[in-house]
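Taking it in order: structure first as structure tokens, then the write-up.
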Amino acid sequence: MVKMRHSLLLTVSAVLVYAFLYVPLAIVVLYSFNDSRLNAEWVGFTLDWYRKLFANQEMLTAAGNSLIIALVSSAISTVLGTMAGFALHRYKIKALQILVLTPIAIPEILVGVSLLIFFVMLNMTLGMLSITLAHIAFSMGFVAIVVQSRLSGMDESLTEAARDCGATPWQAFRRVTLPLIMPGVVAGALMAFTLSIDDFVITFFTAGANTSTLPLQIYSMIKIAVTPEVNAISTLLMGLTLFLIILASKLSPNAFRS
């Protein structure tokens, strides 16, 4: 009887928590199809807001900037993160783990402010380059965690067998280790892309006055009012993010367990 009560309480608590998290998202999706500029009540179904969205040149420019930054930063983050993950797996050095994982642990606002100060000290003009560098610094640690997790589940005897057969360390890595950890590398790349394309806090501090990304453009729009057009772009961004996260989890199911 006591176990049943605990089970019921746990179920109810889980339902309430998930409702708190996902009901607002469902409302955003629903009202992106609402045939009214006001989000006060449901009037009818329409796709006009999506048509207006794709005719909005400022939004398209911001989306293009976000896509370029996400592609470049995720590619570089994947290379550096894979190297860092391999080093974390091979060398159990405490200082190395701290250096790689610190950008993940500290608040994003602190990362953004510190990078802003760093770029100003270098007299760097804030824009696409500064945002890209900031995203690389932030995303690399996530890729390293994913790759390290994949390496932890790999059979080291395969690499040792390649070395015994005369392969150099680079050949053993390229022909044995890399193909085995490739699902983790791809999952890390997808995660880095997702983190970059929907990042707001770090981008806000490192973007400068003349560069806009999709999250920054959405923020500038909702300062006036949350229109169905904002709901439409939020729905598309949410769908892309969820798709990439699901794909990453399928490629590397154990990536985020350690």
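Residue numbering restarts at 1 in every chain; chains get A, B, ... in the order shown in the structure tokens, and ligands count up from 1 in that same order.
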Please run DSSP on the backbone and report, as a ChimeraX atom specification, all residues within stretch 40-246 of chain A that come out as helix (DSSP H, G or I). /A:48-54,57-90,94-105,108-121,128-152,156-164,169-197,201-206,214-222,228-246
Residues of stretch 186-237 of chain A within 12 Å of stretch 80-97 of chain A: nearest atom pair and distance (Å, one decimal) for each, counting only C-alpha atoms, sorted by chain and number, as a Markdown table?
| residue | atom | partner | partner_atom | distance |
| --- | --- | --- | --- | --- |
| A:Val186 | CA | A:Thr82 | CA | 10.2 |
| A:Ala187 | CA | A:Thr82 | CA | 11.2 |
| A:Gly188 | CA | A:Gly81 | CA | 8.2 |
| A:Ala189 | CA | A:Gly81 | CA | 9.1 |
| A:Met191 | CA | A:Gly81 | CA | 11.5 |
| A:Ala192 | CA | A:Gly81 | CA | 9.7 |
Quick one: write out the picked residues with N, CA, C and O atoms as a PDB file, in the first residue's frame?
ATOM      1  N   VAL A 186      30.274  12.380 -34.440  1.00  0.00           N
ATOM      2  CA  VAL A 186      29.129  12.982 -35.131  1.00  0.00           C
ATOM      3  C   VAL A 186      28.119  13.522 -34.121  1.00  0.00           C
ATOM      4  O   VAL A 186      27.561  14.614 -34.290  1.00  0.00           O
ATOM      5  N   ALA A 187      27.881  12.761 -33.044  1.00  0.00           N
ATOM      6  CA  ALA A 187      26.959  13.227 -32.003  1.00  0.00           C
ATOM      7  C   ALA A 187      27.473  14.513 -31.360  1.00  0.00           C
ATOM      8  O   ALA A 187      26.698  15.441 -31.091  1.00  0.00           O
ATOM      9  N   GLY A 188      28.774  14.586 -31.123  1.00  0.00           N
ATOM     10  CA  GLY A 188      29.355  15.804 -30.565  1.00  0.00           C
ATOM     11  C   GLY A 188      29.226  16.981 -31.515  1.00  0.00           C
ATOM     12  O   GLY A 188      28.953  18.107 -31.087  1.00  0.00           O
ATOM     13  N   ALA A 189      29.406  16.720 -32.812  1.00  0.00           N
ATOM     14  CA  ALA A 189      29.262  17.786 -33.811  1.00  0.00           C
ATOM     15  C   ALA A 189      27.830  18.312 -33.846  1.00  0.00           C
ATOM     16  O   ALA A 189      27.609  19.523 -33.930  1.00  0.00           O
ATOM     17  N   MET A 191      25.681  18.198 -31.387  1.00  0.00           N
ATOM     18  CA  MET A 191      25.449  18.930 -30.145  1.00  0.00           C
ATOM     19  C   MET A 191      26.066  20.327 -30.215  1.00  0.00           C
ATOM     20  O   MET A 191      25.450  21.317 -29.782  1.00  0.00           O
ATOM     21  N   ALA A 192      27.283  20.424 -30.763  1.00  0.00           N
ATOM     22  CA  ALA A 192      27.932  21.727 -30.904  1.00  0.00           C
ATOM     23  C   ALA A 192      27.137  22.635 -31.841  1.00  0.00           C
ATOM     24  O   ALA A 192      26.984  23.840 -31.585  1.00  0.00           O
TER      25      ALA A 192
END
Surrounding residues of stretch 199-207 of chain A excluding itself and chain neighbours under 2 positions, 6 Å, only C-alpha atoms, as a list in words: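 Once the nearby chain positions are removed, what remains is Gly112, Leu116, Leu126, Gly127, Ser130, Ile131, Leu195, Ser196, Ile197, Thr211 and Pro215 of chain A.
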Polymer residues at most 8 Å from A:Thr194, only C-alpha atoms, same-chain spacing of 5 or more positions, as a list in words: Ala70, Thr241, Leu244 and Ile245 of chain A
As an exercise, work out the distance from atom CA of A:Ala63 to atom CA of A:Asn210 in Å and give it to one decimal place.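 Calculated distance between atom CA of A:Ala63 and atom CA of A:Asn210 is 14.6 Å.
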Just want the 9 Å neighbourhood of A:Leu53, counted on only C-alpha atoms, with same-chain residues fewer than 5 positions away dropped. Output as a list in words.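 Counting only the stated atoms, we get Asp48, Met59, Leu60, Glu229, Val230, Ala232 and Ile233 of chain A.
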Export N, CA and C atoms of the chosen residues as a PDB file, in the first residue's frame?
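The result, stored in again27.pdb:
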ATOM      1  N   ASP A  48      -0.202  31.893 -42.656  1.00  0.00           N
ATOM      2  CA  ASP A  48       0.254  33.215 -43.087  1.00  0.00           C
ATOM      3  C   ASP A  48       1.497  33.670 -42.342  1.00  0.00           C
ATOM      4  N   MET A  59      15.004  38.727 -40.817  1.00  0.00           N
ATOM      5  CA  MET A  59      14.997  37.408 -40.192  1.00  0.00           C
ATOM      6  C   MET A  59      15.823  36.413 -40.999  1.00  0.00           C
ATOM      7  N   LEU A  60      15.713  36.477 -42.321  1.00  0.00           N
ATOM      8  CA  LEU A  60      16.481  35.572 -43.177  1.00  0.00           C
ATOM      9  C   LEU A  60      17.979  35.843 -43.055  1.00  0.00           C
ATOM     10  N   GLU A 229       4.385  35.611 -35.586  1.00  0.00           N
ATOM     11  CA  GLU A 229       5.603  35.449 -36.373  1.00  0.00           C
ATOM     12  C   GLU A 229       6.764  34.992 -35.500  1.00  0.00           C
ATOM     13  N   VAL A 230       6.828  35.519 -34.291  1.00  0.00           N
ATOM     14  CA  VAL A 230       7.826  35.057 -33.330  1.00  0.00           C
ATOM     15  C   VAL A 230       7.550  33.605 -32.951  1.00  0.00           C
ATOM     16  N   ALA A 232       6.216  31.434 -34.853  1.00  0.00           N
ATOM     17  CA  ALA A 232       6.558  30.604 -36.009  1.00  0.00           C
ATOM     18  C   ALA A 232       8.056  30.299 -36.056  1.00  0.00           C
ATOM     19  N   ILE A 233       8.889  31.346 -35.901  1.00  0.00           N
ATOM     20  CA  ILE A 233      10.337  31.107 -35.935  1.00  0.00           C
ATOM     21  C   ILE A 233      10.777  30.301 -34.722  1.00  0.00           C
TER      22      ILE A 233
END
Which of these residues is nearest to A:Leu99, using only C-alpha atoms: A:Phe33, A:Trp170, A:Phe138, A:Tyr22? A:Phe138
Which distance in Å separates atom CA of A:Val28 and atom CA of A:Asn231, to one decimal?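 Distance between the two atoms: 5.4 Å.
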Between A:Leu237, A:Val100, A:Leu158, A:Leu214, smallest distance to A:Glu58 by only C-alpha atoms belongs to A:Leu214
Taking only C-alpha atoms into account, produce a table as JSON lines in which each residue of stretch 173-250 of chain A with an atom at most 12 Å from an atom of stretch 145-154 of chain A appears once, together with its shortest atom pair and the distance in Å to one decimal, ordered by chain and rising number.
{"residue": "A:Phe173", "atom": "CA", "partner": "A:Leu151", "partner_atom": "CA", "distance": 11.6}
{"residue": "A:Val176", "atom": "CA", "partner": "A:Met154", "partner_atom": "CA", "distance": 10.5}
{"residue": "A:Thr177", "atom": "CA", "partner": "A:Met154", "partner_atom": "CA", "distance": 8.3}
{"residue": "A:Leu178", "atom": "CA", "partner": "A:Leu151", "partner_atom": "CA", "distance": 9.6}
{"residue": "A:Pro179", "atom": "CA", "partner": "A:Met154", "partner_atom": "CA", "distance": 10.9}
{"residue": "A:Leu180", "atom": "CA", "partner": "A:Met154", "partner_atom": "CA", "distance": 7.3}
{"residue": "A:Ile181", "atom": "CA", "partner": "A:Arg150", "partner_atom": "CA", "distance": 5.8}
{"residue": "A:Met182", "atom": "CA", "partner": "A:Val147", "partner_atom": "CA", "distance": 8.6}
{"residue": "A:Pro183", "atom": "CA", "partner": "A:Arg150", "partner_atom": "CA", "distance": 8.1}
{"residue": "A:Gly184", "atom": "CA", "partner": "A:Val147", "partner_atom": "CA", "distance": 5.3}
{"residue": "A:Val185", "atom": "CA", "partner": "A:Val147", "partner_atom": "CA", "distance": 5.9}
{"residue": "A:Val186", "atom": "CA", "partner": "A:Val147", "partner_atom": "CA", "distance": 9.2}
{"residue": "A:Ala187", "atom": "CA", "partner": "A:Val146", "partner_atom": "CA", "distance": 7.3}
{"residue": "A:Gly188", "atom": "CA", "partner": "A:Val146", "partner_atom": "CA", "distance": 5.7}
{"residue": "A:Ala189", "atom": "CA", "partner": "A:Val146", "partner_atom": "CA", "distance": 9.5}
{"residue": "A:Leu190", "atom": "CA", "partner": "A:Val146", "partner_atom": "CA", "distance": 10.8}
{"residue": "A:Met191", "atom": "CA", "partner": "A:Val146", "partner_atom": "CA", "distance": 9.2}
{"residue": "A:Ala192", "atom": "CA", "partner": "A:Val146", "partner_atom": "CA", "distance": 10.6}
{"residue": "A:Ala248", "atom": "CA", "partner": "A:Val146", "partner_atom": "CA", "distance": 9.8}
{"residue": "A:Ser249", "atom": "CA", "partner": "A:Val146", "partner_atom": "CA", "distance": 10.3}
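Closest to A:Thr125 among A:Val111, A:Ala209, A:Leu216, A:Met140 is A:Ala209, based on only C-alpha atoms.
One distance worth recording is that between atom CA of A:Ala137 and atom CA of A:Ile98, which is 14.0 Å.
Proximity ranking of A:Ala62, A:Thr132, A:Ser32, A:Glu41 relative to A:Ile218 places A:Ala62 first, based on only C-alpha atoms.
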